[in-house]
There are 2 protein chains.
Amino acid sequence: MKYYRRYEAGQVVVWAGDRMDFVGSVIAGMAGLTQQLEDGRTQMVGLLLPSDFLGRPGRENAAYTVTATSDLLLCCFRRKPFEKLLAETPSVAGRLLQMTLDELDAARDWLLLLGRKSAREKIASLLVILARREAALLKRRPEGRISLELPLTRDAMADYLGLTLETVSRQVSALKRDGVIELDGKRRVIVPLFERLVTESGDDADGGPLS
Amino acid sequence: MKYYRRYEAGQVVVWAGDRMDFVGSVIAGMAGLTQQLEDGRTQMVGLLLPSDFLGRPGRENAAYTVTATSDLLLCCFRRKPFEKLLAETPSVAGRLLQMTLDELDAARDWLLLLGRKSAREKIASLLVILARREAALLKRRPEGRISLELPLTRDAMADYLGLTLETVSRQVSALKRDGVIELDGKRRVIVPLFERLVTESGDDADGGPLS
DNA sequence: CCAGGACCTTGACACAAATCAAATGCCACA
DNA sequence: TGTGGCATTTGATTTGTGTCAAGGTCCTGG
């Protein structure tokens, strides 16, 4: 009933509209949920990091295209048995409800970002979120000097932030020039002072309790 | 345990951060969930229409400010008893999970709108959504000539669409000039051909099954 | 009937980000 | 050691939307 699936960076896990008869959760790596208009404009609408849930119980066909943005390891269950488990085990249903509500909150924060933030604030916000997510797995809170993995191409970042890849590149360069971040290769970012990055992100919320 | 609350257009139901010890569902009217950056930039992150659920079980304090955008009638339950009911009645929990998943899908469609659509497409999309929601309550599918209520000020529309109220006004005028819509007063919109409006909205999806 | 205010529309101009176009760096592989 | 391919950076220019400002419409209450 439980099994693993592995994908390389760039591989598609499922296409929007295709039948999907498993659900799963991310063990390692990162995946993006993507929507498109017919003329090709693309928006990433979800970022799946380790511990995130993939799939929707009670739905036959995937609503979004899921792509591995880095090498990805999923822990999967066949959908039907999982739905049975869900119906029979209130604690599992309750857990899934809480996770879904958290995702909804995250999506709503993202609405604020897409609707009202400048390009520079968007980039800073993305880095803040990745840092917080990474720290949360270790039950820590990011502060001071930190280093973080950026398992996304400029293009994927642009799709996530509602920008073009040129604008992403320019703003990353600008943040580097202003000393907010340093780059170690293309995919590792050093943040000399996390609090500075949070200021640049526009929202001064402290990231909430460590739940 | 169950009771009603009534609000006038413009009234605040709860402020973000305030204690909220009830949950509820919308009977009539419309409400908006709103987020803000400290410098005052505002983004509406949810639109509550009749049948929508308000509040989050297991959370003491409201995450968003809720404002009635038109006269509003809520059916409310005290939060604690509701949480007890939720824990004891799997069918209620299941129903709430489905509703939350639907809201998440709606939020994700909204991400695409905010990230990638032009101002004109945003306005058209909002009208399409309102028309579909109104029709769905009557188990119908909008087509041909339709008329719909617009229980939002230009300012609220701007907050929802990630635009300024001036741009909203200009684009509404442009859609009228191009014959896509007609106005009957400030708050009632006639759509001579719904399919045309859908084309203007950018996504050619047919709105899915009538579920 | 007029005054005041809330909401909306329109115009002129500014600016952030998109678009179009090269150039550069980097890595795998012959 | 070179070569081709790909992601990224940088530059020049355009454009859609924001900003600032003025004027209009409609409703309410004196």
# chains A, B, ... in the order shown; residues from 1 in each chain; ligands from 1

call {"tool": "select_by_dssp", "arguments": {"residues": "chain B", "states": "strand (DSSP E or B)", "output": "NGL selection string"}}
result
:B and (2-7 or 12-14 or 19 or 22-28 or 31-36 or 42-48 or 53-54 or 61 or 65-68 or 72-78 or 146-149 or 182-184 or 188-191)

call {"tool": "closest_atom_pairs", "arguments": {"of": "chain A", "to": "chain D", "cutoff": "9 Å", "atoms": "only C-alpha atoms (C1' of nucleotides)", "output": "CSV"}}
result
residue,atom,partner,partner_atom,distance
A:Thr153,CA,D:DA7,C1',8.0
A:Arg154,CA,D:DT8,C1',7.9
A:Glu166,CA,D:DT9,C1',8.3
A:Ser169,CA,D:DT9,C1',7.0
A:Arg170,CA,D:DT9,C1',7.8
A:Ser173,CA,D:DT9,C1',8.7
A:Lys186,CA,D:DT8,C1',9.0

call {"tool": "residues_around", "arguments": {"residues": "Arg145 of chain A", "least_positions_apart": "6", "cutoff": "8 Å", "atoms": "only C-alpha atoms (C1' of nucleotides)", "output": "number ranges by chain"}}
result
A: 190-194

call {"tool": "write_last_selection", "arguments": {"atoms": "N, CA and C atoms", "output": "PDB file, in the first residue's frame"}}
result
ATOM      1  N   ILE A 190      23.697  32.947   0.794  1.00  0.00           N
ATOM      2  CA  ILE A 190      24.070  33.285   2.172  1.00  0.00           C
ATOM      3  C   ILE A 190      23.340  34.574   2.535  1.00  0.00           C
ATOM      4  N   VAL A 191      22.674  34.570   3.666  1.00  0.00           N
ATOM      5  CA  VAL A 191      22.022  35.780   4.150  1.00  0.00           C
ATOM      6  C   VAL A 191      22.797  36.253   5.375  1.00  0.00           C
ATOM      7  N   PRO A 192      23.545  37.364   5.255  1.00  0.00           N
ATOM      8  CA  PRO A 192      24.370  37.813   6.379  1.00  0.00           C
ATOM      9  C   PRO A 192      23.534  38.176   7.604  1.00  0.00           C
ATOM     10  N   LEU A 193      22.351  38.751   7.368  1.00  0.00           N
ATOM     11  CA  LEU A 193      21.509  39.160   8.495  1.00  0.00           C
ATOM     12  C   LEU A 193      20.051  38.919   8.127  1.00  0.00           C
ATOM     13  N   PHE A 194      19.494  37.848   8.689  1.00  0.00           N
ATOM     14  CA  PHE A 194      18.152  37.444   8.303  1.00  0.00           C
ATOM     15  C   PHE A 194      17.124  38.551   8.526  1.00  0.00           C
TER      16      PHE A 194
END

call {"tool": "closest_residue", "arguments": {"among": "A:Ala136, A:Ala119, A:Met20, A:Ile27", "to": "DA16 of chain C", "atoms": "only C-alpha atoms (C1' of nucleotides)"}}
result
A:Ala119

call {"tool": "interface_residues", "arguments": {"of": "chain C", "to": "chain B", "cutoff": "12 Å", "atoms": "only C-alpha atoms (C1' of nucleotides)", "output": "list in words"}}
result
DA6, DC7, DC8, DT9, DT10, DG11 and DA18 of chain C

call {"tool": "select_by_dssp", "arguments": {"residues": "segment 37-197 of chain A", "states": "helix (DSSP H, G or I)", "output": "number ranges by chain"}}
result
A: 79-88, 90-116, 119-137, 154-161, 165-177, 194-197
